[in-house]
Amino acid sequence: MPASNTMDAVFPDGHEMKNIRLTVGMDYPKERRWTDGWGVSIEVPAVIELLARVQAGTLSIEDLRSFLATQANEIAVDYDPREADPIQRETNRCAGDCDRCQAKRPEFDRLHQEALEQKAKFDQPGVYPYTVSRSSVHLTTCPEVTRSLGAIKQFPNSFWTVESALRHFTHEGAMTSSWAAHYWPMARHEAASWTAEHTGPKGGKQYRLCKICNPEHP
Ligand SMILES: [Zn+2]
Ligand SMILES: [Zn+2]
């Protein structure tokens, strides 16, 4: 949600300007993300008055620049405290295109490709009747599976562009079910191998059968 700020300013020559309106939380063009004041807007009439004072020689260009940068940075930090920390600021201002994101891209693409493959299997429950998560076994038609695998889509989907998903993945480790798989559909014999692999030497099971869809043991 954008926020409005109103301020009164006193300049070095004693001139006072009242009721200057600034907003934060709306304008984030990535081209200027490393310039002071990113994310903050100031009303144009105030800028014109300020420029007129520079033109008249009563306000120096350095003082004007410093005024704008200081005010905007204060407002930006107030609005989003992450802006005060250099590493969090980098994350905040990334558009899925920083060096860290570039380095993560192959892993991200691999995970997304895998998710699309799982979605294709999910669409054939006759061939892949069982679906496993990290710790449970389901029928592929289970509502829990459908909520997750049914949501997987190519980019851009209704939640994400590839850049926004990559940014959240790189900087926050987020893997939402709109692009990443958390369930793996399997043929019956594959599910039987999976449950065997997830059973300890003394017969202890490292998985549970889902209580919603209640599958037979594969
Ligand atoms: Zn990044
Ligand atoms: Zn289930």
# chains A, B, ... in the order shown; residues from 1 in each chain; ligands from 1
>>> residues_around(residues="Pro185 in chain A", least_positions_apart="4", cutoff="9 Å", atoms="only C-alpha atoms", output="MDAnalysis selection string")
chainID A and resid 118:119 121:122 125 128:133 138:140 191
>>> residues_near_ligand(ligand="ligand 2", cutoff="7 Å", atoms="only C-alpha atoms and all ligand atoms", output="PDB file with N, CA and C atoms, in the first residue's frame")
ATOM      1  N   VAL A 137       1.938 -40.584   1.443  1.00  0.00           N
ATOM      2  CA  VAL A 137       1.503 -41.230   0.204  1.00  0.00           C
ATOM      3  C   VAL A 137       0.028 -40.909  -0.010  1.00  0.00           C
ATOM      4  N   HIS A 138      -0.300 -40.523  -1.240  1.00  0.00           N
ATOM      5  CA  HIS A 138      -1.679 -40.131  -1.584  1.00  0.00           C
ATOM      6  C   HIS A 138      -2.127 -40.837  -2.850  1.00  0.00           C
ATOM      7  N   LEU A 139      -3.435 -40.766  -3.071  1.00  0.00           N
ATOM      8  CA  LEU A 139      -3.941 -41.005  -4.419  1.00  0.00           C
ATOM      9  C   LEU A 139      -3.690 -39.719  -5.202  1.00  0.00           C
ATOM     10  N   CYS A 142      -6.187 -36.959  -4.861  1.00  0.00           N
ATOM     11  CA  CYS A 142      -6.427 -36.369  -3.540  1.00  0.00           C
ATOM     12  C   CYS A 142      -6.532 -34.832  -3.634  1.00  0.00           C
ATOM     13  N   PRO A 143      -7.470 -34.248  -2.889  1.00  0.00           N
ATOM     14  CA  PRO A 143      -7.601 -32.773  -2.910  1.00  0.00           C
ATOM     15  C   PRO A 143      -6.305 -32.041  -2.521  1.00  0.00           C
ATOM     16  N   GLU A 144      -5.554 -32.639  -1.594  1.00  0.00           N
ATOM     17  CA  GLU A 144      -4.294 -32.005  -1.175  1.00  0.00           C
ATOM     18  C   GLU A 144      -3.300 -31.959  -2.337  1.00  0.00           C
ATOM     19  N   VAL A 145      -3.242 -33.028  -3.102  1.00  0.00           N
ATOM     20  CA  VAL A 145      -2.356 -33.094  -4.267  1.00  0.00           C
ATOM     21  C   VAL A 145      -2.847 -32.128  -5.343  1.00  0.00           C
ATOM     22  N   CYS A 210      -2.110 -40.933   3.572  1.00  0.00           N
ATOM     23  CA  CYS A 210      -2.962 -39.762   3.778  1.00  0.00           C
ATOM     24  C   CYS A 210      -4.330 -40.161   4.328  1.00  0.00           C
ATOM     25  N   LYS A 211      -4.792 -39.391   5.325  1.00  0.00           N
ATOM     26  CA  LYS A 211      -6.090 -39.715   5.932  1.00  0.00           C
ATOM     27  C   LYS A 211      -7.256 -39.105   5.151  1.00  0.00           C
ATOM     28  N   ILE A 212      -6.939 -38.211   4.228  1.00  0.00           N
ATOM     29  CA  ILE A 212      -8.028 -37.608   3.429  1.00  0.00           C
ATOM     30  C   ILE A 212      -8.412 -38.538   2.279  1.00  0.00           C
ATOM     31  N   CYS A 213      -7.415 -38.984   1.497  1.00  0.00           N
ATOM     32  CA  CYS A 213      -7.741 -39.796   0.328  1.00  0.00           C
ATOM     33  C   CYS A 213      -7.660 -41.294   0.622  1.00  0.00           C
ATOM     34  N   ASN A 214      -6.999 -41.631   1.760  1.00  0.00           N
ATOM     35  CA  ASN A 214      -7.011 -42.983   2.265  1.00  0.00           C
ATOM     36  C   ASN A 214      -6.595 -44.035   1.231  1.00  0.00           C
TER      37      ASN A 214
END
>>> residues_near_ligand(ligand="ligand 1", cutoff="8 Å", atoms="only C-alpha atoms and all ligand atoms", output="count of residues only")
15
>>> closest_residue(among="A:Tyr183, A:Phe169, A:Trp38, A:Tyr207", to="Val24 in chain A", atoms="only C-alpha atoms")
A:Trp38
>>> select_by_dssp(residues="chain A", states="strand (DSSP E or B)", output="PyMOL selection string")
chain A and resi 3-10+16-24+40-42+130-132+136-139+184-186+199+205+208-209
>>> residues_around(residues="Thr176 in chain A", least_positions_apart="3", cutoff="10 Å", atoms="only C-alpha atoms", output="ChimeraX atom specification")
/A:148,151-152,159-160,165,168-169,173,179-182
>>> write_last_selection(atoms="C-alpha atoms", output="tab-separated table (two decimals), in the first residue's frame")
chain	number	residue	atom	x	y	z
A	148	SER	CA	-0.58	-28.21	-5.09
A	151	ALA	CA	-1.67	-25.03	-9.48
A	152	ILE	CA	1.57	-25.47	-11.44
A	159	PHE	CA	0.96	-15.15	-9.37
A	160	TRP	CA	4.40	-14.67	-10.79
A	165	ALA	CA	9.57	-16.05	-8.72
A	168	HIS	CA	11.88	-14.83	-4.12
A	169	PHE	CA	13.60	-18.16	-4.70
A	173	GLY	CA	14.31	-19.53	-0.60
A	179	TRP	CA	6.01	-23.16	-10.13
A	180	ALA	CA	7.77	-25.82	-8.01
A	181	ALA	CA	6.77	-29.42	-7.31
A	182	HIS	CA	6.15	-30.60	-3.76
>>> closest_residue(among="A:Leu22, A:Met186, A:Ala76, A:Ile87", to="Asp123 in chain A", atoms="only C-alpha atoms")
A:Met186
>>> select_by_dssp(residues="range 64-128 of chain A", states="helix (DSSP H, G or I)", output="count of residues only")
52
>>> atom_distance(atom1="CA of Val127 in chain A", atom2="CA of Lys205 in chain A")
25.3 Å
>>> closest_residue(among="A:Glu163, A:Asp27, A:Glu216, A:Glu107", to="Val40 in chain A", atoms="only C-alpha atoms")
A:Asp27
>>> residues_around(residues="range 30-37 of chain A", least_positions_apart="2", cutoff="6 Å", atoms="only C-alpha atoms", output="compact mmCIF listing (two decimals) with all heavy atoms, in the first residue's frame")
# COMPACT_ATOMS: atom_id res chain seq x y z
N VAL A 40 10.34 6.60 -3.81
CA VAL A 40 9.66 7.77 -3.23
C VAL A 40 9.36 8.78 -4.34
O VAL A 40 10.19 9.00 -5.22
CB VAL A 40 10.55 8.43 -2.14
CG1 VAL A 40 9.87 9.66 -1.57
CG2 VAL A 40 10.86 7.43 -1.05
N ALA A 69 17.43 13.85 -1.40
CA ALA A 69 17.94 12.51 -1.08
C ALA A 69 17.70 12.17 0.40
O ALA A 69 17.25 11.06 0.72
CB ALA A 69 19.44 12.42 -1.40
N ALA A 72 13.91 11.67 1.11
CA ALA A 72 13.39 10.45 0.48
C ALA A 72 13.92 9.21 1.19
O ALA A 72 13.17 8.26 1.45
CB ALA A 72 13.76 10.42 -1.00
N ASN A 73 15.21 9.21 1.54
CA ASN A 73 15.76 8.03 2.22
C ASN A 73 15.12 7.82 3.58
O ASN A 73 14.83 6.69 3.97
CB ASN A 73 17.29 8.13 2.33
CG ASN A 73 17.96 7.85 0.99
OD1 ASN A 73 17.35 7.29 0.08
ND2 ASN A 73 19.22 8.26 0.86
>>> residues_around(residues="Glu49 in chain A", least_positions_apart="4", cutoff="12 Å", atoms="only C-alpha atoms", output="CSV table (one decimal) with C-alpha atoms, in the first residue's frame")
chain,number,residue,atom,x,y,z
A,15,HIS,CA,13.2,30.1,3.6
A,16,GLU,CA,10.3,27.9,4.7
A,17,MET,CA,8.2,25.7,2.4
A,18,LYS,CA,5.1,24.2,3.9
A,20,ILE,CA,5.3,19.4,0.6
A,43,GLU,CA,4.8,16.4,-6.1
A,44,VAL,CA,5.8,18.2,-9.3
A,45,PRO,CA,4.7,21.7,-8.3
A,53,ARG,CA,14.6,29.0,-6.1
A,54,VAL,CA,17.8,27.4,-7.6
A,55,GLN,CA,17.3,29.6,-10.6
A,56,ALA,CA,17.0,32.7,-8.5
A,58,THR,CA,18.6,31.4,-3.2
A,59,LEU,CA,19.1,27.7,-3.0
A,64,LEU,CA,18.5,20.8,-3.2
>>> closest_residue(among="A:Thr199, A:Ser178, A:Ser158, A:Gln113", to="Thr146 in chain A", atoms="only C-alpha atoms")
A:Ser178
>>> closest_residue(among="A:Asp109, A:Glu197, A:Gly57, A:Asn92", to="Tyr28 in chain A", atoms="only C-alpha atoms")
A:Asn92
